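These notes concern the structure reproduced below.
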Amino acid sequence: MSRHQKRLSVPDSWPVERKTATYTVKARAGPHGEEGVPLLIVLRDVLGYVDSKKEAMYATNEGNVLVNGEPVSDVRRPIGMFDILGFEEREEFYRVFPDEGGRLALTPIEEGDADGKLGKIADKRQVPGGETQLQLHDGRNLRVDDGTQYSPGDSVVIDWDNEILAHFVYEEGALITAVQGQHAGDIGRVEEILSLI
């Protein structure tokens, strides 16, 4: 496995200039798969808070950068859709969201809105003990006592203790945001759900 990432071959969602240099930093394995953007790119290329990897490592080692409520020290940690970034010293908080071109962008939010993360239910299954396990889009798993009210395609807001704060059903009339394709970043409502069977 290569330790380097060429700029020309990064996913379209990465907010990097492709022709300014040959290489950029490669994300470590983690949530969001190959679409995850290394934290260093967010700090250096998007926000402009640091000028180098060394400065980014210093900032993260000081515990000044929070991802989903937890301090992170790895500048190659992948950042992806709906993650919450916090900079408590600056009193700045952001939600990762797609812009109109499909690239990941940072949307400023209030501190009170930074205590939970939106997640799409990708799958659900019964587990031993009678509980239901919900698998979210970023690989996170939740266990709930009663899974009958949840379905793949629904979305939930969870806090940093994995407690569900809100549940949004995927149904006709539901408000949605496109996260991939030519309409990435567009907001609309579900008009009709077609079965593929």
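Naming works like this for the structure tokens: A, B, ... for the chains as they're shown, residue 1 at the start of each chain, ligands 1 onward in shown order.
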
- [ ] Quick one: everything within 10 Å of Pro108 of chain A, counting only C-alpha atoms, minus sequence neighbours fewer than 5 positions away in the same chain. Send it as a PyMOL selection string.
- [x] chain A and resi 84-86+92-96+113-114

- [ ] Please provide as a count of residues only all residues within 8 Å of Ala122 of chain A, with the sequence filter that same-chain residues fewer than 2 positions apart are discarded (counting only C-alpha atoms).
- [x] 8

TODO: Quick one: everything within 9 Å of Asp186 of chain A, counting only C-alpha atoms, minus sequence neighbours fewer than 4 positions away in the same chain. Send it as a ChimeraX atom specification.
DONE: /A:98-100,176-179

- [ ] For segment 155-157 of chain A, work out the shell of residues within 9 Å, counting only C-alpha atoms and skipping chain neighbours fewer than 5 positions away, then give it as a ChimeraX atom specification.
- [x] /A:116-121,136,150,163-170

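Those residues that approach Arg143 of chain A to within 9 Å, counting only C-alpha atoms, are Val127, Glu131, Thr132, Gln133, Leu134, Gln135, Gly147 and Asn162 of chain A; same-chain residues fewer than 4 positions away are not listed.
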
Generate a file of the selected residues that holds N, CA and C atoms, formatted as a JSON list (two decimals), in the first residue's frame.
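Produced file again_28.json, reproduced below:
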```
[["chain", "number", "residue", "atom", "x", "y", "z"],
["A", 127, "VAL", "N", -29.39, -8.67, 16.96],
["A", 127, "VAL", "CA", -28.18, -9.20, 17.58],
["A", 127, "VAL", "C", -28.59, -10.04, 18.79],
["A", 131, "GLU", "N", -31.72, -7.26, 21.08],
["A", 131, "GLU", "CA", -31.56, -5.88, 20.67],
["A", 131, "GLU", "C", -31.42, -5.78, 19.15],
["A", 132, "THR", "N", -31.56, -4.56, 18.66],
["A", 132, "THR", "CA", -31.36, -4.28, 17.23],
["A", 132, "THR", "C", -30.13, -3.40, 17.08],
["A", 133, "GLN", "N", -29.28, -3.74, 16.14],
["A", 133, "GLN", "CA", -28.08, -2.95, 15.88],
["A", 133, "GLN", "C", -28.30, -2.11, 14.62],
["A", 134, "LEU", "N", -28.07, -0.81, 14.75],
["A", 134, "LEU", "CA", -28.17, 0.12, 13.63],
["A", 134, "LEU", "C", -26.76, 0.45, 13.16],
["A", 135, "GLN", "N", -26.50, 0.24, 11.87],
["A", 135, "GLN", "CA", -25.20, 0.58, 11.32],
["A", 135, "GLN", "C", -25.33, 1.89, 10.57],
["A", 147, "GLY", "N", -36.18, -1.87, 17.63],
["A", 147, "GLY", "CA", -35.74, -1.41, 16.32],
["A", 147, "GLY", "C", -36.85, -1.27, 15.30],
["A", 162, "ASN", "N", -23.48, 8.18, 22.18],
["A", 162, "ASN", "CA", -24.26, 7.30, 21.31],
["A", 162, "ASN", "C", -25.72, 7.18, 21.72]]
```

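Comparing A:Glu35, A:Asp145, A:Val190, A:Asp51 by their smallest distance to Pro128 of chain A, the closest is A:Asp145 (using only C-alpha atoms).
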
What parts of segment 67-169 of chain A does DSSP call strand (DSSP E)? I'd like the answer as a CSV table (one decimal) with C-alpha atoms, in the first residue's frame.
```
chain,number,residue,atom,x,y,z
A,67,VAL,CA,-13.7,15.9,16.1
A,70,GLU,CA,-13.2,14.3,21.3
A,71,PRO,CA,-9.7,15.7,21.1
A,78,PRO,CA,-10.2,11.1,8.1
A,79,ILE,CA,-12.9,13.7,8.3
A,84,ILE,CA,-18.5,18.1,13.8
A,85,LEU,CA,-15.2,20.0,14.2
A,86,GLY,CA,-14.7,22.1,17.3
A,87,PHE,CA,-12.0,24.7,18.2
A,92,GLU,CA,-15.7,28.0,16.5
A,93,PHE,CA,-17.6,25.0,15.5
A,94,TYR,CA,-18.3,23.5,12.1
A,95,ARG,CA,-20.4,20.7,10.5
A,96,VAL,CA,-18.9,19.0,7.5
A,97,PHE,CA,-21.4,19.2,4.6
A,98,PRO,CA,-21.2,19.0,0.8
A,104,LEU,CA,-16.8,18.7,1.4
A,105,ALA,CA,-17.2,22.1,3.0
A,106,LEU,CA,-17.5,23.4,6.5
A,107,THR,CA,-20.7,25.0,7.7
A,108,PRO,CA,-20.4,27.2,10.8
A,109,ILE,CA,-22.7,26.2,13.7
A,116,GLY,CA,-24.7,15.8,18.3
A,117,LYS,CA,-24.0,14.3,14.9
A,118,LEU,CA,-26.3,13.4,12.1
A,119,GLY,CA,-26.0,9.8,10.8
A,120,LYS,CA,-27.8,7.9,8.1
A,121,ILE,CA,-28.9,4.3,8.9
A,122,ALA,CA,-27.2,2.1,6.3
A,123,ASP,CA,-28.4,-1.2,7.7
A,124,LYS,CA,-30.0,-2.8,10.7
A,125,ARG,CA,-30.0,-6.3,12.1
A,126,GLN,CA,-31.0,-8.4,15.2
A,132,THR,CA,-31.4,-4.3,17.2
A,133,GLN,CA,-28.1,-2.9,15.9
A,134,LEU,CA,-28.2,0.1,13.6
A,135,GLN,CA,-25.2,0.6,11.3
A,136,LEU,CA,-24.6,4.2,10.3
A,141,ASN,CA,-23.0,1.1,15.3
A,142,LEU,CA,-25.8,1.7,17.8
A,143,ARG,CA,-27.9,-0.8,19.8
A,144,VAL,CA,-31.5,-0.1,20.5
A,155,SER,CA,-31.4,9.4,9.8
A,156,VAL,CA,-30.7,9.9,13.5
A,157,VAL,CA,-28.9,12.6,15.5
A,158,ILE,CA,-26.7,11.0,18.2
A,159,ASP,CA,-24.8,12.6,21.0
A,164,ILE,CA,-30.3,9.1,20.0
A,165,LEU,CA,-31.5,12.7,20.2
A,166,ALA,CA,-33.7,12.8,17.1
A,167,HIS,CA,-35.0,10.4,14.5
A,168,PHE,CA,-35.9,11.4,10.9
```

Open item on the list: Can you measure atom CA of Leu175 of chain A to atom CA of Asp161 of chain A for me? One decimal in Å is fine.
Closed with: 26.1 Å

TODO: Could you tell me, as a PyMOL selection string, which residues of chain A DSSP assigns to helix (DSSP H, G or I) when given the backbone?
DONE: chain A and resi 7-9+33-35+39-46+53-61+111-113
